[in-house]
Amino acid sequence: MGLLLLLVTTRPLWADAGHKLFLTFDDGPREGTRAILEVLTREQVPGTFFLVGEHFINAHRKETWRMLQASPLVQIGNHSMTHAHERYREFYADPEGMLADFAKNNDVLGFRNPPYPTRLPSRIDWRFDDRYVSEHTYPTGRNDEIPEGIAKLFANGFVLYGWDVEWQKSGRRNALEGVDTLFARIRSRFVSEQSVKPGKVVVLMHDFHFDTGPAIEQLSRLIRLGKREGYRFGLMRDY
């Protein structure tokens with residue numbers, strides 16, 4: 001008489017050991033940056049912070065930057081010197097000005113040797129190898145007509161990373177959307193392979209959204225859900 005062995009697992013059928021989640025945080029250093037770092041440290045997962053040079057406005061924020069630099073869980077990226085001062089049309093119409101802006105932030109961040117991990121302000125553009133994917137063809141299209149500013153940045157060692165899913169604010173309370181809603185969108189990207197790199201999903205968040213206790217708890221819960229789902233976490237240098 002044979003013995004029937006049943007293998008019980010808590011991993012969902014759609015989870016894959018190769019699925020990798022990239023947590024990225026824009027616009028720091030801000031008031032929520034240290035709280036994010038505390039969560040990453042507690043949960044022992046990595047995160048990539050795209051920093052704005054003009055946000056290094058006081059000693060507290062400079063100390064926050066030093067804390068990011070000291071963490072083995074953190075990668076720092078260039079998010080421009082000025083964030084275009086919110087005048088994006090003018091910013092992107094001036095390729096030489098774009099290049100100068102990002103180069104100045106390299107000096108602030110201490111970047112000396114390419115490739116320079118970079119994210120454009122308020123635009124989804126990917127240029128990290130021989131492909132270019134823009135917000136107009138996102139997430140799976142291809143655009144062979146590369147804007148001059150993007151071409152200049154890439155030619156000067158800047159590799160550009162966009163995102164697959166953004167954690168947005170919504171509703172009358174202007175609060176972050178629920179973790180379950182966000183996680184369903186992340187899972188959908190994995191299942192449908194509708195991301196710039198199948199099996200890899202990049203999540204965009206903004207530091208200033210995490211300056212309150214409830215938001216920090218949401219971030220912790222998101223990470224725990226990812227672990228439960230069997231996802232691995234990575235830095236953009238490993239994308």
# chains A, B, ... in the order shown; residues from 1 in each chain; ligands from 1

$ select_by_dssp --residues "range 75-180 of chain A" --states "strand (DSSP E or B)" --output "number ranges by chain"
A: 75-78, 116-118, 125-127, 133-134, 158-160, 165-166, 169-170, 175-176

$ select_by_dssp --residues "range 142-208 of chain A" --states "alpha helix (DSSP H)" --output "VMD selection string"
chain A and resid 148 to 155 179 to 192

$ residues_around --residues "range 128-130 of chain A" --least-positions-apart "2" --cutoff "8 Å" --atoms "only C-alpha atoms" --output "PyMOL selection string"
chain A and resi 126+132+154+159-161

$ residues_around --residues "range 51-61 of chain A" --least-positions-apart "5" --cutoff "10 Å" --atoms "only C-alpha atoms" --output "CSV table (one decimal) with C-alpha atoms, in the first residue's frame"
chain,number,residue,atom,x,y,z
A,25,PHE,CA,11.5,56.4,-3.4
A,26,ASP,CA,11.6,59.8,-5.0
A,27,ASP,CA,12.1,63.5,-4.1
A,28,GLY,CA,14.2,63.0,-1.0
A,29,PRO,CA,15.7,63.8,1.3
A,30,ARG,CA,12.4,64.8,2.9
A,31,GLU,CA,10.7,64.5,6.2
A,33,THR,CA,12.9,59.6,4.4
A,34,ARG,CA,14.3,58.5,7.8
A,66,ARG,CA,24.5,60.4,5.3
A,67,MET,CA,22.3,57.8,7.0
A,76,ILE,CA,21.1,56.3,-4.1
A,77,GLY,CA,20.1,57.7,-7.5
A,78,ASN,CA,20.0,61.1,-9.2
A,79,HIS,CA,16.5,62.7,-9.5
A,80,SER,CA,17.8,66.1,-10.9
A,81,MET,CA,19.1,69.1,-9.1
A,82,THR,CA,16.0,71.2,-9.3
A,83,HIS,CA,13.1,68.8,-10.1
A,85,HIS,CA,11.2,73.7,-10.5
A,101,ASP,CA,21.0,70.1,-14.2
A,102,PHE,CA,21.7,66.3,-13.7
A,104,LYS,CA,25.2,69.4,-11.0
A,105,ASN,CA,23.3,66.9,-8.9
A,106,ASN,CA,26.0,64.3,-9.6
A,107,ASP,CA,28.3,66.8,-7.9
A,108,VAL,CA,26.0,67.1,-4.9
A,109,LEU,CA,25.6,63.3,-4.6
A,118,THR,CA,18.8,58.3,-12.7
A,119,ARG,CA,15.1,59.0,-12.7
A,121,PRO,CA,11.1,64.2,-12.7
A,207,ASP,CA,9.3,60.2,0.6

$ closest_residue --among "A:Leu37, A:Leu219, A:Val45, A:Leu23" --to "Glu177 in chain A" --atoms "only C-alpha atoms"
A:Leu219

$ atom_distance --atom1 "CA of Met205 in chain A" --atom2 "CA of Val165 in chain A"
9.0 Å

$ closest_residue --among "A:Trp163, A:Phe233, A:Tyr116, A:Phe208" --to "Gly18 in chain A" --atoms "only C-alpha atoms"
A:Phe233

$ residues_around --residues "Phe210 in chain A" --least-positions-apart "5" --cutoff "6 Å" --atoms "only C-alpha atoms" --output "VMD selection string"
chain A and resid 32 215 to 216

$ atom_distance --atom1 "CA of Arg224 in chain A" --atom2 "CA of Gln194 in chain A"
23.0 Å
